[in-house]
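Below is one structure; the comments refer to it alone.
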Amino acid sequence: MVYCIGHSIISPLGEGSQANVEAIQSGRSGLKRYSHRFADVEPFCASLFDTPQEFVPLCIRSIKSAILTIPGETVPCSSADTIFILSTTKGDHLDLLTPAKAIVSHFGNPNPPIVVSNACTSGVCAQITAKRLLEAGMYKYAVVMGCDIQSRFIVSGFQSFKALSPDPCLPFSPERAGLNLGEAAATIIYTSEPQQSGWRLMAGSIHNDANHLSAPSRTGEGAFRCLMDVTEGILPKDINLIGVHGTATLYNDAMELAAIERAGLKDIPVSALKPFFGHTMGAAGIIETIIGMLMLKHGTFIKMLSGFGGVNAAIRLTCE
Amino acid sequence: MIFDGRTIAVEQTGEKMLVELYRRYVGDYPKFFKMDTLCRLGFIAAEMLIGAENDVPSAIILANRSASIKDDRDYLATISEGNYYPSPALFVYTLPNIVTGEIAIRHHVQGETSFYILDTPQQLDAIIAATPFESALAGWCECSTKDNFYAKLQLIWNN
């Protein structure tokens, strides 16, 4: 297992994890309706920064903000004991490696960065990669950060799939009519150094549906296997919350429900956060993990995601 | 092309080489022609390895430096100003992990599929060493233009 020692969310709802949780608790959403933000594109609903953000400075701000939340100690960012793992789908204007290198260079870190590009599951997969590398003893600290900035590229692509809802999305609702995109940056810092308290990342799993590139398996093959893996050895009654992907597309939510039922977890409360943040792509798995930890305060939390390419991922976190 | 240490003669170069290899070694998977170059590249390499061993891996772990840049550029060209007709068939390939999905579908791999963007193959070796799997198709799969590509894949078994 590895220990979460710090985190941060920077989204249109606020700066820092706490500000974002408070925004959610007071019922605020980052979603707004846009008509001409990316020219030509039909009206769509999304959670976007009022002032357009540059990718690298936003990532750096997110990491600095996460470091500030670490009680008592700091992270040796410039040490070879620390690895930076970036979760993104489109990076800085389609470039993924250059911005990652700029970020580690800013922090004076000697290790080449790892970029996880596993579609919408990247934010959960990046945390799984961090856990594996820390447990293998390759590093002592992992700075896991996720970020995506919205663009004409992404908005038009999701529109081509007719996946966007013109209204705020309704995850797991019979009325759901598609997703909303969002932009944000989020960071979680993990360590293999034992901590007395706080959240621990206990298990992680990645599985492919092997069914279709852009449509989830109706029976949730990959997601079901992920849930079975991360709940191995624990009882459903000991799980307090499942953070679903909950994009509010017809097929994603039906697939997740099928997977949860098959895994015998249908009596556990689920949370879906896209109505607050939109689908923030590379940041989604990290934001939704942080909110889950803060809302629950203690207990056991499962975070699951699915994405293009048929890939699914889930992690289990515990705080006593 | 080098397979199991042996150089395999090909007549064509670039994109056409992949079609030549498909016709010679596969031939029965018309979906190949819907794929982008990165997927065709990974698909052919996977076909040859998995076919030769007659053993389907439990995981697929690939990496490159340039993600899906060729497809990103192709897609961008279709949504340029004044010509706004995005194609979902093109958009879906603007993610590098789609090649892992194509191989997973072909060989019904329901284990892990992961794609990393890295500077060096040594970084991938370290990630693979820390990843639990029974067997994996793993390696480098890179495509910057339709005629500039490189793949080096292997099958790995853990006991």
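Following the order of the structure tokens, first chain is A, next is B, and so on, with residues numbered from 1 inside each chain and ligands from 1 in the order they appear.
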
Chain A residues within 9 Å of chain B, counting only C-alpha atoms: which ones, as an NGL selection string?
-> :A and (39-41 or 89-90 or 94-97 or 112-119 or 125 or 129 or 132-133 or 135-136 or 138 or 152-154 or 156-161 or 205-214 or 221-222 or 225 or 308-313)

Write the residues of the preceding selection, restricted to N, CA and C atoms, as a compact mmCIF listing (two decimals), in the first residue's frame.
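Saved result, out13.txt, follows:
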# COMPACT_ATOMS: atom_id res chain seq x y z
N ALA A 39 -15.64 28.64 -31.56
CA ALA A 39 -16.08 28.95 -32.92
C ALA A 39 -16.77 27.78 -33.61
N ASP A 40 -17.81 28.07 -34.32
CA ASP A 40 -18.55 27.08 -35.11
C ASP A 40 -19.28 26.02 -34.29
N VAL A 41 -18.75 25.75 -33.11
CA VAL A 41 -19.30 24.62 -32.37
C VAL A 41 -20.67 25.01 -31.80
N THR A 89 -4.77 13.64 -21.69
CA THR A 89 -5.09 13.05 -22.98
C THR A 89 -4.58 13.92 -24.12
N LYS A 90 -4.66 15.23 -23.96
CA LYS A 90 -4.27 16.12 -25.07
C LYS A 90 -3.13 17.05 -24.68
N LEU A 94 -1.73 19.23 -27.83
CA LEU A 94 -1.47 17.90 -28.39
C LEU A 94 -0.09 17.33 -28.07
N ASP A 95 0.75 18.12 -27.43
CA ASP A 95 2.08 17.63 -27.05
C ASP A 95 2.02 17.16 -25.59
N LEU A 96 2.41 15.91 -25.34
CA LEU A 96 2.29 15.36 -23.99
C LEU A 96 3.64 15.32 -23.27
N LEU A 97 4.70 14.98 -24.01
CA LEU A 97 5.99 14.77 -23.35
C LEU A 97 6.70 16.09 -23.02
N PRO A 112 13.24 11.35 -15.63
CA PRO A 112 12.35 11.65 -16.75
C PRO A 112 10.90 11.36 -16.34
N PRO A 113 9.96 12.24 -16.67
CA PRO A 113 8.58 12.04 -16.21
C PRO A 113 7.89 10.90 -16.96
N ILE A 114 6.84 10.37 -16.33
CA ILE A 114 5.99 9.36 -16.96
C ILE A 114 4.67 10.03 -17.31
N VAL A 115 4.23 9.86 -18.55
CA VAL A 115 2.90 10.34 -18.91
C VAL A 115 2.01 9.13 -19.15
N VAL A 116 0.88 9.09 -18.48
CA VAL A 116 -0.09 8.01 -18.68
C VAL A 116 -1.15 8.51 -19.64
N SER A 117 -1.31 7.82 -20.75
CA SER A 117 -2.31 8.24 -21.74
C SER A 117 -3.21 7.06 -22.05
N ASN A 118 -4.11 6.79 -21.13
CA ASN A 118 -5.00 5.64 -21.24
C ASN A 118 -6.45 6.14 -21.32
N ALA A 119 -6.65 7.12 -22.20
CA ALA A 119 -7.96 7.74 -22.41
C ALA A 119 -8.52 8.25 -21.08
N CYS A 125 -5.38 5.30 -13.67
CA CYS A 125 -4.22 4.49 -14.07
C CYS A 125 -2.91 5.12 -13.57
N THR A 129 -0.04 3.32 -11.40
CA THR A 129 1.39 3.32 -11.76
C THR A 129 2.23 3.82 -10.59
N ARG A 132 2.54 1.11 -7.93
CA ARG A 132 3.45 0.02 -8.33
C ARG A 132 4.91 0.43 -8.20
N LEU A 133 5.23 1.63 -8.68
CA LEU A 133 6.63 2.07 -8.65
C LEU A 133 7.11 2.29 -7.22
N GLU A 135 5.82 0.79 -4.51
CA GLU A 135 5.89 -0.52 -3.83
C GLU A 135 7.09 -1.34 -4.30
N ALA A 136 7.51 -1.10 -5.54
CA ALA A 136 8.70 -1.81 -6.04
C ALA A 136 9.98 -1.20 -5.48
N MET A 138 11.25 1.67 -6.23
CA MET A 138 12.00 2.48 -7.20
C MET A 138 12.06 3.94 -6.78
N ARG A 152 -11.30 23.27 -29.23
CA ARG A 152 -12.13 22.94 -30.38
C ARG A 152 -11.95 21.47 -30.77
N PHE A 153 -10.70 21.00 -30.65
CA PHE A 153 -10.37 19.62 -30.97
C PHE A 153 -11.26 18.66 -30.18
N ILE A 154 -11.25 18.80 -28.86
CA ILE A 154 -11.95 17.85 -28.01
C ILE A 154 -13.47 18.02 -28.13
N SER A 156 -15.28 19.27 -30.56
CA SER A 156 -15.82 18.81 -31.85
C SER A 156 -15.81 17.28 -31.92
N GLY A 157 -14.78 16.68 -31.34
CA GLY A 157 -14.69 15.21 -31.37
C GLY A 157 -15.82 14.55 -30.61
N PHE A 158 -16.08 15.05 -29.40
CA PHE A 158 -17.18 14.47 -28.63
C PHE A 158 -18.52 14.77 -29.28
N GLN A 159 -18.59 15.94 -29.95
CA GLN A 159 -19.83 16.24 -30.67
C GLN A 159 -20.03 15.30 -31.84
N SER A 160 -18.91 14.91 -32.49
CA SER A 160 -19.03 14.00 -33.63
C SER A 160 -19.61 12.66 -33.18
N PHE A 161 -19.40 12.32 -31.91
CA PHE A 161 -19.98 11.09 -31.36
C PHE A 161 -21.39 11.34 -30.82
N SER A 205 -6.58 -1.80 -10.33
CA SER A 205 -6.74 -2.80 -11.38
C SER A 205 -7.16 -2.15 -12.69
N ILE A 206 -6.64 -2.67 -13.79
CA ILE A 206 -6.96 -2.17 -15.14
C ILE A 206 -7.36 -3.37 -16.00
N HIS A 207 -8.50 -3.27 -16.69
CA HIS A 207 -8.95 -4.35 -17.58
C HIS A 207 -9.58 -3.78 -18.84
N ASN A 208 -9.41 -4.49 -19.93
CA ASN A 208 -10.05 -4.09 -21.18
C ASN A 208 -11.32 -4.90 -21.43
N ASP A 209 -12.33 -4.25 -22.00
CA ASP A 209 -13.56 -4.96 -22.39
C ASP A 209 -13.30 -5.93 -23.54
N ALA A 210 -12.31 -5.62 -24.37
CA ALA A 210 -12.06 -6.38 -25.60
C ALA A 210 -13.33 -6.51 -26.43
N ASN A 211 -14.06 -5.41 -26.53
CA ASN A 211 -15.37 -5.45 -27.17
C ASN A 211 -15.52 -4.41 -28.27
N HIS A 212 -15.25 -3.16 -27.97
CA HIS A 212 -15.47 -2.09 -28.95
C HIS A 212 -14.58 -0.90 -28.57
N LEU A 213 -14.13 -0.14 -29.59
CA LEU A 213 -13.22 0.97 -29.31
C LEU A 213 -13.91 2.15 -28.65
N SER A 214 -15.17 2.41 -29.04
CA SER A 214 -15.81 3.63 -28.56
C SER A 214 -17.10 3.38 -27.79
N GLU A 221 -17.77 -5.91 -18.89
CA GLU A 221 -16.73 -6.94 -18.69
C GLU A 221 -15.49 -6.39 -17.97
N GLY A 222 -14.92 -5.33 -18.53
CA GLY A 222 -13.68 -4.79 -17.96
C GLY A 222 -13.91 -4.19 -16.58
N ARG A 225 -14.42 -6.84 -13.89
CA ARG A 225 -13.15 -7.47 -13.47
C ARG A 225 -12.34 -6.55 -12.57
N PHE A 308 -12.38 5.31 -23.90
CA PHE A 308 -12.16 4.88 -25.29
C PHE A 308 -11.03 3.84 -25.33
N GLY A 309 -11.16 2.94 -26.28
CA GLY A 309 -10.18 1.86 -26.38
C GLY A 309 -10.60 0.68 -25.52
N GLY A 310 -11.77 0.78 -24.88
CA GLY A 310 -12.31 -0.33 -24.10
C GLY A 310 -11.67 -0.51 -22.74
N VAL A 311 -10.92 0.51 -22.30
CA VAL A 311 -10.16 0.32 -21.05
C VAL A 311 -10.98 0.77 -19.83
N ASN A 312 -10.82 0.02 -18.75
CA ASN A 312 -11.48 0.32 -17.47
C ASN A 312 -10.43 0.26 -16.37
N ALA A 313 -10.64 1.05 -15.30
CA ALA A 313 -9.71 1.02 -14.18
C ALA A 313 -10.44 1.29 -12.89

Taking the DSSP assignment computed from this structure's backbone, write out as a ChimeraX atom specification all residues of segment 1-158 of chain B that belong to strand (DSSP E).
-> /B:2-3,6-7,59-64,113-117,135-145,148-157

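Here atom CA of Phe84 of chain A and atom CA of Ile63 of chain A stand 10.0 Å from one another.
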
Segment 16-253 of chain A: which residues are helix (DSSP H, G or I) by DSSP, as a PyMOL selection string?
-> chain A and resi 17-25+55-67+97-106+119-135+152-160+221-230+236-238+250-253

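Counting from atom CA of Lys140 of chain A, the distance to atom CA of Asp81 of chain A is 5.2 Å.
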
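Atom to atom, atom CA of Val21 of chain A and atom CA of Thr191 of chain A stand 23.6 Å apart.
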